[in-house]
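File shown: upload17.txt. Contents: compact mmCIF, C-alpha atoms.
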# COMPACT_ATOMS: atom_id res chain seq x y z
CA MET A 1 6.65 5.52 5.18
CA THR A 2 5.70 2.97 7.76
CA LEU A 3 4.13 -0.38 7.06
CA ILE A 4 1.36 0.39 9.57
CA ASN A 5 0.47 3.58 7.69
CA GLU A 6 0.28 1.64 4.42
CA LEU A 7 -1.95 -1.03 6.00
CA ASN A 8 -4.22 1.75 7.34
CA SER A 9 -4.27 3.46 3.94
CA ILE A 10 -5.32 0.24 2.18
CA TYR A 11 -7.97 -0.18 4.88
CA ASP A 12 -9.28 3.35 4.18
CA TYR A 13 -9.32 2.71 0.42
CA LEU A 14 -11.28 -0.55 0.75
CA HIS A 15 -13.64 1.02 3.29
CA ASP A 16 -14.42 3.86 0.86
CA MET A 17 -15.06 1.38 -1.98
CA TYR A 18 -17.06 -1.10 0.12
CA PRO A 19 -18.51 0.76 3.12
CA THR A 20 -20.61 -2.19 4.31
CA ALA A 21 -17.73 -4.71 4.22
CA THR A 22 -15.86 -5.79 7.33
CA ILE A 23 -12.14 -5.05 6.93
CA VAL A 24 -9.49 -6.58 9.18
CA ARG A 25 -5.78 -5.74 9.26
CA GLN A 26 -3.09 -8.42 9.60
CA ASP A 27 -4.94 -11.00 11.76
CA VAL A 28 -7.21 -13.47 9.99
CA PRO A 29 -10.38 -13.90 12.08
CA ALA A 30 -11.07 -17.38 13.49
CA SER A 31 -14.70 -17.18 12.37
CA PRO A 32 -14.99 -14.80 9.41
CA VAL A 33 -18.34 -13.56 8.16
CA ALA A 34 -19.47 -12.91 4.60
CA ASP A 35 -18.24 -9.68 2.97
CA THR A 36 -14.96 -9.56 4.92
CA PHE A 37 -11.57 -8.39 3.65
CA VAL A 38 -8.35 -9.26 5.47
CA ILE A 39 -5.24 -7.20 4.63
CA VAL A 40 -1.97 -9.00 5.42
CA SER A 41 1.56 -7.74 4.89
CA GLN A 42 3.44 -10.45 3.01
CA TYR A 43 6.76 -9.00 1.83
CA THR A 44 8.84 -5.84 2.20
CA ASP A 45 11.99 -4.80 0.36
CA ILE A 46 13.49 -1.34 0.82
CA LYS A 47 16.07 -0.23 -1.74
CA THR A 48 18.12 2.91 -2.23
CA GLU A 49 16.75 4.62 -5.32
CA THR A 50 18.81 7.82 -5.34
CA GLY A 51 21.10 9.56 -2.91
CA ALA A 52 18.03 11.29 -1.51
CA SER A 53 15.31 8.61 -1.65
CA PHE A 54 14.33 5.02 -0.92
CA LEU A 55 11.97 2.78 -2.88
CA ASN A 56 9.68 0.62 -0.73
CA ASP A 57 8.50 -2.48 -2.59
CA ARG A 58 5.80 -4.32 -0.67
CA GLU A 59 3.34 -7.12 -1.25
CA PHE A 60 0.06 -7.42 0.56
CA GLN A 61 -2.35 -10.33 0.61
CA LEU A 62 -6.00 -9.45 0.36
CA VAL A 63 -8.20 -12.30 1.54
CA TYR A 64 -11.87 -11.90 0.75
CA TYR A 65 -14.65 -14.00 2.29
CA GLY A 66 -17.98 -14.03 0.50
CA ALA A 67 -21.24 -15.94 0.53
CA SER A 68 -20.52 -17.44 -2.90
CA SER A 69 -17.76 -17.87 -5.46
CA ALA A 70 -19.46 -15.23 -7.60
CA ALA A 71 -19.33 -12.72 -4.73
CA VAL A 72 -15.60 -13.35 -4.27
CA PHE A 73 -14.84 -13.04 -7.99
CA THR A 74 -16.93 -9.86 -8.26
CA ARG A 75 -14.93 -8.09 -5.52
CA PHE A 76 -11.57 -9.09 -6.98
CA ASP A 77 -12.66 -8.32 -10.55
CA ASP A 78 -13.48 -4.76 -9.43
CA LEU A 79 -10.01 -4.32 -7.95
CA GLU A 80 -8.30 -5.99 -10.91
CA THR A 81 -10.10 -3.67 -13.35
CA LYS A 82 -8.73 -0.65 -11.49
CA ALA A 83 -5.22 -2.14 -11.67
CA LYS A 84 -5.52 -2.86 -15.41
CA ASN A 85 -6.69 0.65 -16.17
CA GLY A 86 -3.70 2.14 -14.37
CA GLN A 87 -6.01 3.92 -11.91
CA PHE A 88 -5.05 1.92 -8.87
CA VAL A 89 -3.32 4.38 -6.59
CA ILE A 90 -4.15 4.46 -2.90
CA PRO A 91 -3.94 7.76 -1.02
CA LEU A 92 -1.56 7.57 1.93
CA ARG A 93 -3.26 8.41 5.20
CA GLY A 94 -2.13 11.80 6.52
CA SER A 95 -0.24 12.68 3.34
CA SER A 96 -0.74 14.10 -0.13
CA ARG A 97 1.20 11.13 -1.55
CA TYR A 98 0.04 7.75 -2.87
CA ILE A 99 0.77 4.04 -2.81
CA ARG A 100 1.19 2.91 -6.41
CA VAL A 101 -0.20 -0.56 -7.14
CA LYS A 102 2.12 -2.30 -9.60
CA GLY A 103 0.26 -5.60 -9.80
CA PHE A 104 -2.84 -7.38 -8.63
CA SER A 105 -3.46 -11.11 -9.05
CA TYR A 106 -5.66 -13.75 -7.47
CA GLY A 107 -6.35 -17.43 -7.87
CA SER A 108 -8.95 -20.05 -7.12
CA VAL A 109 -11.87 -19.76 -4.75
CA PHE A 110 -11.89 -22.11 -1.78
CA ALA A 111 -14.47 -23.07 0.85
CA THR A 112 -13.89 -22.44 4.55
CA GLN A 113 -13.63 -25.45 6.86
CA THR A 114 -17.29 -25.15 7.78
CA GLY A 115 -18.18 -24.85 4.10
CA THR A 116 -20.47 -21.88 4.69
CA LEU A 117 -18.22 -19.25 3.09
CA LYS A 118 -16.05 -18.99 0.01
CA TYR A 119 -12.75 -17.13 -0.07
CA ALA A 120 -9.81 -16.30 -2.31
CA ILE A 121 -6.43 -14.71 -1.79
CA ALA A 122 -5.14 -11.88 -3.94
CA VAL A 123 -1.61 -10.52 -3.99
CA MET A 124 -1.19 -6.78 -4.43
CA GLN A 125 2.28 -5.49 -5.31
CA THR A 126 2.88 -1.88 -4.31
CA GLU A 127 5.57 0.76 -4.18
CA THR A 128 6.10 3.99 -2.30
CA ARG A 129 9.03 6.35 -2.07
CA ASP A 130 10.57 7.88 1.05
CA MET A 131 12.98 10.72 1.37
CA ARG A 132 16.28 9.87 2.98
CA GLU A 133 16.96 11.77 6.20
CA LEU A 134 19.87 14.02 5.35
CA PRO A 135 21.92 16.01 7.84
CA GLU A 136 21.08 19.66 8.24
CA TYR A 137 23.94 22.09 8.14
CA GLU A 138 24.14 25.54 9.64
CA LYS A 139 23.23 28.13 7.06
CA ILE A 140 25.68 30.78 5.96
CA MET A 141 24.13 33.96 7.26
CA THR A 142 26.61 36.54 5.96
CA VAL A 143 29.33 36.63 3.39
CA ASN A 144 32.14 39.17 3.64
CA SER A 145 34.32 39.92 0.72
CA ALA A 146 37.60 41.70 0.51
CA VAL A 147 38.77 43.21 -2.73
CA LYS A 148 42.45 43.73 -3.13
CA ASN A 149 43.45 46.20 -5.76
CA GLU A 150 46.97 45.49 -7.00
CA GLU A 151 48.44 47.72 -9.64
As structure tokens, what does this structure read like?
Amino acid sequence: MTLINELNSIYDYLHDMYPTATIVRQDVPASPVADTFVIVSQYTDIKTETGASFLNDREFQLVYYGASSAAVFTRFDDLETKAKNGQFVIPLRGSSRYIRVKGFSYGSVFATQTGTLKYAIAVMQTETRDMRELPEYEKIMTVNSAVKNEE
């Protein structure tokens, strides 16, 4: 699973939840507007899980800009509630699989330099699994047997 596909899948998920919000991937805008999410890849660790699969542990930052502290807390409270209820899985774009959200946390609300917007940063810990590419071998098409009868 590619990082870009996961970023796009999180984008799709947030867009479905908040269709009027502006959602940006990876690059924080110089002049954000109210009701804007920014999705930033923060950390990636790929581990061998079995002989046939990998476990992708990733962390994403979600930055949310709102008109007030209450607006920021409301958005993150919605997402945190989904995480607490164990319902926070994000469909992978172009697949029948999901990104599993293992954790969601956020901190204080800050003001932008101009002071017109409030924002906070959340960290979302996720995991996906990928199949290892295994070599393909030529299939055995016929099997001949010889029976030797020794008396």
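In this structure, CA of Gln61 (chain A) sits 22.3 Å away from CA of Asp130 (chain A).
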List every protein, DNA or RNA residue with an atom no more than 12 Å from (-10.2, 3.4, -0.1) in the file's coordinates, counting only C-alpha atoms, and format the result as a PDB file with C-alpha atoms, keeping the file's coordinate frame.
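Output below, filename selection-v1.pdb:
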ATOM      1  CA  GLU A   6       0.280   1.640   4.420  1.00  0.00           C
ATOM      2  CA  LEU A   7      -1.950  -1.030   6.000  1.00  0.00           C
ATOM      3  CA  ASN A   8      -4.220   1.750   7.340  1.00  0.00           C
ATOM      4  CA  SER A   9      -4.270   3.460   3.940  1.00  0.00           C
ATOM      5  CA  ILE A  10      -5.320   0.240   2.180  1.00  0.00           C
ATOM      6  CA  TYR A  11      -7.970  -0.180   4.880  1.00  0.00           C
ATOM      7  CA  ASP A  12      -9.280   3.350   4.180  1.00  0.00           C
ATOM      8  CA  TYR A  13      -9.320   2.710   0.420  1.00  0.00           C
ATOM      9  CA  LEU A  14     -11.280  -0.550   0.750  1.00  0.00           C
ATOM     10  CA  HIS A  15     -13.640   1.020   3.290  1.00  0.00           C
ATOM     11  CA  ASP A  16     -14.420   3.860   0.860  1.00  0.00           C
ATOM     12  CA  MET A  17     -15.060   1.380  -1.980  1.00  0.00           C
ATOM     13  CA  TYR A  18     -17.060  -1.100   0.120  1.00  0.00           C
ATOM     14  CA  PRO A  19     -18.510   0.760   3.120  1.00  0.00           C
ATOM     15  CA  ALA A  21     -17.730  -4.710   4.220  1.00  0.00           C
ATOM     16  CA  ILE A  23     -12.140  -5.050   6.930  1.00  0.00           C
ATOM     17  CA  LEU A  79     -10.010  -4.320  -7.950  1.00  0.00           C
ATOM     18  CA  PHE A  88      -5.050   1.920  -8.870  1.00  0.00           C
ATOM     19  CA  VAL A  89      -3.320   4.380  -6.590  1.00  0.00           C
ATOM     20  CA  ILE A  90      -4.150   4.460  -2.900  1.00  0.00           C
ATOM     21  CA  PRO A  91      -3.940   7.760  -1.020  1.00  0.00           C
ATOM     22  CA  LEU A  92      -1.560   7.570   1.930  1.00  0.00           C
ATOM     23  CA  ARG A  93      -3.260   8.410   5.200  1.00  0.00           C
ATOM     24  CA  TYR A  98       0.040   7.750  -2.870  1.00  0.00           C
ATOM     25  CA  ILE A  99       0.770   4.040  -2.810  1.00  0.00           C
TER      26      ILE A  99
END
Set the distance at 7 Å and use all atoms listed in the file: which residues neighbour Lys47 (chain A) once local chain neighbours fewer than 3 positions away are removed? I'd like the list as JSON, numbers by chain. {"A": [54, 55, 56]}
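Among the candidates A:Asp78, A:Asp35, A:Glu127, A:Asp27, the residue lying nearest to Glu59 (chain A) is A:Glu127 (atoms considered: only C-alpha atoms).
Minimum atom-to-atom distance to Val63 (chain A), evaluated using only C-alpha atoms, belongs to A:Phe37 out of A:Phe104, A:Phe37, A:Phe110, A:Tyr137.
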If we count all atoms listed in the file, what is near region 71-74 of chain A at a cut-off of 12 Å, once residues fewer than 6 positions away on the same chain are taken out, given as an MDAnalysis selection string? chainID A and resid 34:37 62:65 80:81 105:111 117:122
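Candidate residues A:Ser69, A:Ser95, A:Gln26, A:Thr20 were compared for distance to Val40 (chain A), and the nearest is A:Gln26, using all atoms listed in the file.
Here the question is which of A:Met124, A:Val147, A:Val33, A:Ile46 gets nearest to Phe76 (chain A) using all atoms listed in the file, and that residue is A:Met124.
For the atom pair formed by CA of Gly103 (chain A) and CA of Arg129 (chain A), the distance is 16.7 Å, given to one decimal.
Distance-wise, CA of Gly115 (chain A) and CA of Asp77 (chain A) end up 22.8 Å apart.
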